[in-house]
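**Student:** Structure: entry27.pdb, PDB, C-alpha atoms.
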ATOM      1  CA  MET A   1       5.533  17.732  -2.840  1.00  0.00           C
ATOM      2  CA  GLY A   2       7.456  17.821   0.416  1.00  0.00           C
ATOM      3  CA  ALA A   3       9.208  14.482  -0.068  1.00  0.00           C
ATOM      4  CA  GLU A   4      12.732  14.174   1.233  1.00  0.00           C
ATOM      5  CA  TYR A   5      13.390  10.884  -0.557  1.00  0.00           C
ATOM      6  CA  VAL A   6      11.904   9.791  -3.876  1.00  0.00           C
ATOM      7  CA  LEU A   7      12.546   6.378  -5.392  1.00  0.00           C
ATOM      8  CA  ASN A   8      11.433   5.150  -8.789  1.00  0.00           C
ATOM      9  CA  THR A   9      10.193   1.567  -8.505  1.00  0.00           C
ATOM     10  CA  THR A  10      11.107   0.894 -12.154  1.00  0.00           C
ATOM     11  CA  ASP A  11      14.802   1.739 -11.665  1.00  0.00           C
ATOM     12  CA  ALA A  12      17.112  -1.260 -11.970  1.00  0.00           C
ATOM     13  CA  ASP A  13      18.749  -0.383  -8.650  1.00  0.00           C
ATOM     14  CA  PHE A  14      15.504   0.259  -6.738  1.00  0.00           C
ATOM     15  CA  ASP A  15      15.997  -2.691  -4.375  1.00  0.00           C
ATOM     16  CA  ALA A  16      19.495  -1.548  -3.389  1.00  0.00           C
ATOM     17  CA  LYS A  17      18.363   2.073  -2.931  1.00  0.00           C
ATOM     18  CA  PHE A  18      15.350   1.028  -0.852  1.00  0.00           C
ATOM     19  CA  LYS A  19      17.493  -1.271   1.310  1.00  0.00           C
ATOM     20  CA  GLU A  20      20.002   1.537   1.871  1.00  0.00           C
ATOM     21  CA  LEU A  21      17.267   3.990   2.910  1.00  0.00           C
ATOM     22  CA  SER A  22      15.470   1.357   4.954  1.00  0.00           C
ATOM     23  CA  ASP A  23      18.658   0.564   6.878  1.00  0.00           C
ATOM     24  CA  LYS A  24      19.256   4.277   7.432  1.00  0.00           C
ATOM     25  CA  LEU A  25      15.709   5.423   8.291  1.00  0.00           C
ATOM     26  CA  GLN A  26      14.228   2.230   9.784  1.00  0.00           C
ATOM     27  CA  PRO A  27      10.659   2.884   8.527  1.00  0.00           C
ATOM     28  CA  GLU A  28       8.012   1.503  10.826  1.00  0.00           C
ATOM     29  CA  PHE A  29       4.869   1.961   8.747  1.00  0.00           C
ATOM     30  CA  ILE A  30       3.869   1.915   5.080  1.00  0.00           C
ATOM     31  CA  TYR A  31       0.458   2.978   3.752  1.00  0.00           C
ATOM     32  CA  ASP A  32      -0.434   1.322   0.452  1.00  0.00           C
ATOM     33  CA  HIS A  33      -3.434   2.145  -1.713  1.00  0.00           C
ATOM     34  CA  ILE A  34      -2.078   0.417  -4.837  1.00  0.00           C
ATOM     35  CA  MET A  35      -1.234  -3.175  -3.737  1.00  0.00           C
ATOM     36  CA  GLY A  36      -0.312  -5.464  -6.631  1.00  0.00           C
ATOM     37  CA  ASP A  37       2.858  -7.574  -6.909  1.00  0.00           C
ATOM     38  CA  PHE A  38       5.012  -4.735  -5.605  1.00  0.00           C
ATOM     39  CA  ALA A  39       3.325  -4.884  -2.181  1.00  0.00           C
ATOM     40  CA  GLU A  40       4.682  -8.390  -1.592  1.00  0.00           C
ATOM     41  CA  LYS A  41       8.186  -7.296  -2.531  1.00  0.00           C
ATOM     42  CA  LEU A  42       8.084  -4.148  -0.401  1.00  0.00           C
ATOM     43  CA  LEU A  43       6.798  -6.008   2.654  1.00  0.00           C
ATOM     44  CA  GLY A  44       9.711  -8.417   2.315  1.00  0.00           C
ATOM     45  CA  MET A  45      12.198  -5.523   2.287  1.00  0.00           C
ATOM     46  CA  MET A  46      10.747  -3.767   5.338  1.00  0.00           C
ATOM     47  CA  PRO A  47      12.773  -3.890   8.572  1.00  0.00           C
ATOM     48  CA  PRO A  48      11.791  -5.974  11.605  1.00  0.00           C
ATOM     49  CA  TYR A  49       8.777  -4.800  13.673  1.00  0.00           C
ATOM     50  CA  SER A  50       7.368  -2.811  10.740  1.00  0.00           C
ATOM     51  CA  ARG A  51       3.695  -2.617   9.790  1.00  0.00           C
ATOM     52  CA  TYR A  52       2.171  -2.550   6.315  1.00  0.00           C
ATOM     53  CA  CYS A  53      -1.242  -0.870   6.091  1.00  0.00           C
ATOM     54  CA  ILE A  54      -3.414  -1.718   3.101  1.00  0.00           C
ATOM     55  CA  TYR A  55      -6.299   0.611   2.367  1.00  0.00           C
ATOM     56  CA  GLY A  56      -6.964   0.041  -1.312  1.00  0.00           C
ATOM     57  CA  GLY A  57      -6.225  -2.074  -4.357  1.00  0.00           C
ATOM     58  CA  MET A  58      -5.859   0.216  -7.364  1.00  0.00           C
ATOM     59  CA  ALA A  59      -3.556  -2.251  -9.131  1.00  0.00           C
ATOM     60  CA  GLY A  60      -6.520  -4.586  -9.423  1.00  0.00           C
ATOM     61  CA  LYS A  61      -4.751  -7.433  -7.624  1.00  0.00           C
ATOM     62  CA  VAL A  62      -6.221  -7.834  -4.162  1.00  0.00           C
ATOM     63  CA  GLU A  63      -4.435 -11.019  -3.098  1.00  0.00           C
ATOM     64  CA  MET A  64      -1.045 -10.917  -1.405  1.00  0.00           C
ATOM     65  CA  ASN A  65       1.500 -13.711  -1.010  1.00  0.00           C
ATOM     66  CA  ILE A  66       3.259 -13.366   2.318  1.00  0.00           C
ATOM     67  CA  ASN A  67       6.476 -14.994   3.506  1.00  0.00           C
ATOM     68  CA  ILE A  68       5.259 -16.335   6.845  1.00  0.00           C
ATOM     69  CA  TYR A  69       8.793 -16.958   8.135  1.00  0.00           C
ATOM     70  CA  ASP A  70       9.728 -13.327   7.466  1.00  0.00           C
ATOM     71  CA  MET A  71       6.547 -12.153   9.201  1.00  0.00           C
ATOM     72  CA  LEU A  72       7.090 -14.353  12.275  1.00  0.00           C
ATOM     73  CA  LEU A  73      10.852 -14.038  12.692  1.00  0.00           C
ATOM     74  CA  ASN A  74      10.821 -10.257  12.113  1.00  0.00           C
ATOM     75  CA  GLN A  75       7.492  -9.634  13.868  1.00  0.00           C
ATOM     76  CA  LYS A  76       6.047  -7.715  10.915  1.00  0.00           C
ATOM     77  CA  GLN A  77       2.332  -6.950  10.636  1.00  0.00           C
ATOM     78  CA  VAL A  78      -0.059  -6.459   7.738  1.00  0.00           C
ATOM     79  CA  ILE A  79      -3.178  -4.529   8.652  1.00  0.00           C
ATOM     80  CA  GLY A  80      -6.187  -3.386   6.691  1.00  0.00           C
ATOM     81  CA  TYR A  81      -7.900  -0.054   7.064  1.00  0.00           C
ATOM     82  CA  TYR A  82     -11.286   1.025   5.823  1.00  0.00           C
ATOM     83  CA  TRP A  83     -12.248   4.649   6.217  1.00  0.00           C
ATOM     84  CA  ASN A  84     -15.928   4.410   7.175  1.00  0.00           C
ATOM     85  CA  ASP A  85     -16.966   2.562  10.329  1.00  0.00           C
ATOM     86  CA  GLU A  86     -20.649   2.661   9.296  1.00  0.00           C
ATOM     87  CA  ASP A  87     -19.850   0.359   6.393  1.00  0.00           C
ATOM     88  CA  TRP A  88     -18.930  -2.441   8.803  1.00  0.00           C
ATOM     89  CA  LYS A  89     -22.662  -2.777   9.446  1.00  0.00           C
ATOM     90  CA  LYS A  90     -23.309  -3.505   5.755  1.00  0.00           C
ATOM     91  CA  PRO A  91     -23.065  -7.022   4.312  1.00  0.00           C
ATOM     92  CA  LYS A  92     -19.521  -7.717   3.081  1.00  0.00           C
ATOM     93  CA  GLU A  93     -20.799  -8.345  -0.449  1.00  0.00           C
ATOM     94  CA  GLU A  94     -22.246  -4.815  -0.583  1.00  0.00           C
ATOM     95  CA  VAL A  95     -19.020  -3.230   0.687  1.00  0.00           C
ATOM     96  CA  LYS A  96     -16.978  -5.257  -1.823  1.00  0.00           C
ATOM     97  CA  LYS A  97     -19.262  -4.128  -4.652  1.00  0.00           C
ATOM     98  CA  GLU A  98     -18.821  -0.470  -3.618  1.00  0.00           C
ATOM     99  CA  LEU A  99     -15.036  -0.814  -3.361  1.00  0.00           C
ATOM    100  CA  ASP A 100     -14.914  -2.524  -6.755  1.00  0.00           C
ATOM    101  CA  ILE A 101     -16.760   0.449  -8.301  1.00  0.00           C
ATOM    102  CA  VAL A 102     -14.298   2.927  -6.750  1.00  0.00           C
ATOM    103  CA  ASN A 103     -11.252   0.865  -7.739  1.00  0.00           C
ATOM    104  CA  GLU A 104     -12.494   0.365 -11.300  1.00  0.00           C
ATOM    105  CA  ASP A 105     -13.066   4.102 -11.691  1.00  0.00           C
ATOM    106  CA  LEU A 106      -9.614   4.988 -10.328  1.00  0.00           C
ATOM    107  CA  VAL A 107      -7.855   2.382 -12.469  1.00  0.00           C
ATOM    108  CA  ASN A 108      -9.660   3.753 -15.550  1.00  0.00           C
ATOM    109  CA  GLY A 109      -8.764   7.402 -15.020  1.00  0.00           C
ATOM    110  CA  GLY A 110     -10.812   8.436 -12.000  1.00  0.00           C
ATOM    111  CA  LYS A 111     -13.684  10.233 -13.738  1.00  0.00           C
ATOM    112  CA  ILE A 112     -15.893   9.874 -10.637  1.00  0.00           C
ATOM    113  CA  PHE A 113     -13.526   9.459  -7.678  1.00  0.00           C
ATOM    114  CA  GLY A 114     -10.303  10.859  -9.109  1.00  0.00           C
ATOM    115  CA  PHE A 115      -8.848  14.315  -8.810  1.00  0.00           C
ATOM    116  CA  PRO A 116      -7.002  16.476 -11.323  1.00  0.00           C
ATOM    117  CA  ILE A 117      -3.213  16.315 -11.418  1.00  0.00           C
ATOM    118  CA  LEU A 118      -2.113  19.906 -10.996  1.00  0.00           C
ATOM    119  CA  LYS A 119       1.555  19.427 -11.787  1.00  0.00           C
ATOM    120  CA  SER A 120       3.844  16.534 -12.689  1.00  0.00           C
ATOM    121  CA  TYR A 121       7.524  16.244 -11.826  1.00  0.00           C
ATOM    122  CA  PRO A 122       9.906  14.061 -13.829  1.00  0.00           C
ATOM    123  CA  LEU A 123      11.689  11.346 -11.886  1.00  0.00           C
TER     124      LEU A 123
END
Take the structure in the file and give it back as structure tokens.
**Tutor:**
Amino acid sequence: MGAEYVLNTTDADFDAKFKELSDKLQPEFIYDHIMGDFAEKLLGMMPPYSRYCIYGGMAGKVEMNINIYDMLLNQKQVIGYYWNDEDWKKPKEEVKKELDIVNEDLVNGGKIFGFPILKSYPL
């Protein structure tokens, strides 16, 4: 996998472990394809001047509550990324419909847009 640090978000001490690593490593950027409630929490735990890039919503929740004071005082940024510039020419309703199809497939096992898991590692 190539990961130097692996954290399990369901561990009771996840917040403390993330804070410890965040203080040590000072991450500047997070890419998130899942979103959901965890995105709000993770953004709040990021260090000052960090950026949070959203490029999907596999959790099904596409809204995000943001602590404006944290964003302003710590100069954090949330940015969105979409992989195909040609789609910006399409009506937003059409792009949303396409993204909903992809997200629904991935949430339900990825029969169209998924990929096989070659090996799993226990946490």
**Student:** For atom CA of A:Leu43 and atom CA of A:Gln26, determine how far apart the two atoms are, in Å to one decimal place.
**Tutor:**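 Computed distance, atom CA of A:Leu43 to atom CA of A:Gln26, equals 13.2 Å.
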**Student:** Could you please determine the separation between atom CA of A:Asp13 and atom CA of A:Gly57 in Å, to one decimal place?
**Tutor:**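 If I compute the distance from atom CA of A:Asp13 to atom CA of A:Gly57, I get 25.4 Å.
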**Student:** Any chance you could work out the residue set of the PyMOL selection byres ((chain A and resi 101) around 12) here, as a list in words?
**Tutor:** Gly57, Met58, Gly60, Glu94, Val95, Lys96, Lys97, Glu98, Leu99, Asp100, Val102, Asn103, Glu104, Asp105, Leu106, Val107, Asn108, Gly110, Lys111, Ile112 and Phe113 of chain A
**Student:** For atom CA of A:Tyr69 and atom CA of A:Met45, quote the distance in Å rounded to one decimal.
**Tutor:**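 Straight-line distance from atom CA of A:Tyr69 to atom CA of A:Met45 works out to 13.3 Å.
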**Student:** Run the PyMOL selection byres ((chain A and resi 80) around 8) against the file shown and list the residues it catches, as a PyMOL selection string.
**Tutor:** chain A and resi 53-55+78-79+81-82
**Student:** Please report, as lines of an AutoDock Vina configuration file, the centre and edge lengths in Å to one decimal of an axis-aligned box covering all listed atoms of stretch 86-101 of chain A with 3 Å per side.
**Tutor:**
center_x = -19.1
center_y = -2.8
center_z = 0.6
size_x = 14.4
size_y = 17.0
size_z = 23.7
**Student:** Once the PyMOL selection byres ((chain A and resi 22) around 12) is applied to the coordinates I shared, what remains selected? I want it as an mmCIF file with C-alpha atoms, in the coordinates of the input.
**Tutor:**
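Heads up, here's the output in part00.cif:
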data_model
loop_
_atom_site.group_PDB
_atom_site.id
_atom_site.type_symbol
_atom_site.label_atom_id
_atom_site.label_comp_id
_atom_site.auth_asym_id
_atom_site.auth_seq_id
_atom_site.Cartn_x
_atom_site.Cartn_y
_atom_site.Cartn_z
ATOM 1 C CA TYR A 5 13.390 10.884 -0.557
ATOM 2 C CA LEU A 7 12.546 6.378 -5.392
ATOM 3 C CA PHE A 14 15.504 0.259 -6.738
ATOM 4 C CA ASP A 15 15.997 -2.691 -4.375
ATOM 5 C CA ALA A 16 19.495 -1.548 -3.389
ATOM 6 C CA LYS A 17 18.363 2.073 -2.931
ATOM 7 C CA PHE A 18 15.350 1.028 -0.852
ATOM 8 C CA LYS A 19 17.493 -1.271 1.310
ATOM 9 C CA GLU A 20 20.002 1.537 1.871
ATOM 10 C CA LEU A 21 17.267 3.990 2.910
ATOM 11 C CA ASP A 23 18.658 0.564 6.878
ATOM 12 C CA LYS A 24 19.256 4.277 7.432
ATOM 13 C CA LEU A 25 15.709 5.423 8.291
ATOM 14 C CA GLN A 26 14.228 2.230 9.784
ATOM 15 C CA PRO A 27 10.659 2.884 8.527
ATOM 16 C CA GLU A 28 8.012 1.503 10.826
ATOM 17 C CA PHE A 29 4.869 1.961 8.747
ATOM 18 C CA ILE A 30 3.869 1.915 5.080
ATOM 19 C CA LEU A 42 8.084 -4.148 -0.401
ATOM 20 C CA LEU A 43 6.798 -6.008 2.654
ATOM 21 C CA GLY A 44 9.711 -8.417 2.315
ATOM 22 C CA MET A 45 12.198 -5.523 2.287
ATOM 23 C CA MET A 46 10.747 -3.767 5.338
ATOM 24 C CA PRO A 47 12.773 -3.890 8.572
ATOM 25 C CA PRO A 48 11.791 -5.974 11.605
ATOM 26 C CA SER A 50 7.368 -2.811 10.740
#
**Student:** Show me, as a ChimeraX atom specification, the residues that have an atom within 10 Å of A:Asn65 when counting only C-alpha atoms, minus same-chain residues fewer than 5 positions from it.
**Tutor:** /A:37,39-41
**Student:** Do a neighbour search on A:Tyr49 at 8 Å with only C-alpha atoms, toss out local chain neighbours closer than 2 positions, and write the hits as a JSON list (two decimals) with C-alpha atoms, in the coordinates of the input.
**Tutor:**
[["chain", "number", "residue", "atom", "x", "y", "z"],
["A", 28, "GLU", "CA", 8.01, 1.50, 10.83],
["A", 47, "PRO", "CA", 12.77, -3.89, 8.57],
["A", 51, "ARG", "CA", 3.70, -2.62, 9.79],
["A", 74, "ASN", "CA", 10.82, -10.26, 12.11],
["A", 75, "GLN", "CA", 7.49, -9.63, 13.87],
["A", 76, "LYS", "CA", 6.05, -7.72, 10.92],
["A", 77, "GLN", "CA", 2.33, -6.95, 10.64]]
**Student:** Using only C-alpha atoms, which residues sit within 6 Å of A:Gly36 once same-chain residues fewer than 2 positions away are excluded, as a list in words?
**Tutor:**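 Here the qualifying residues turn out to be Phe38, Ala39, Ala59 and Lys61 of chain A.
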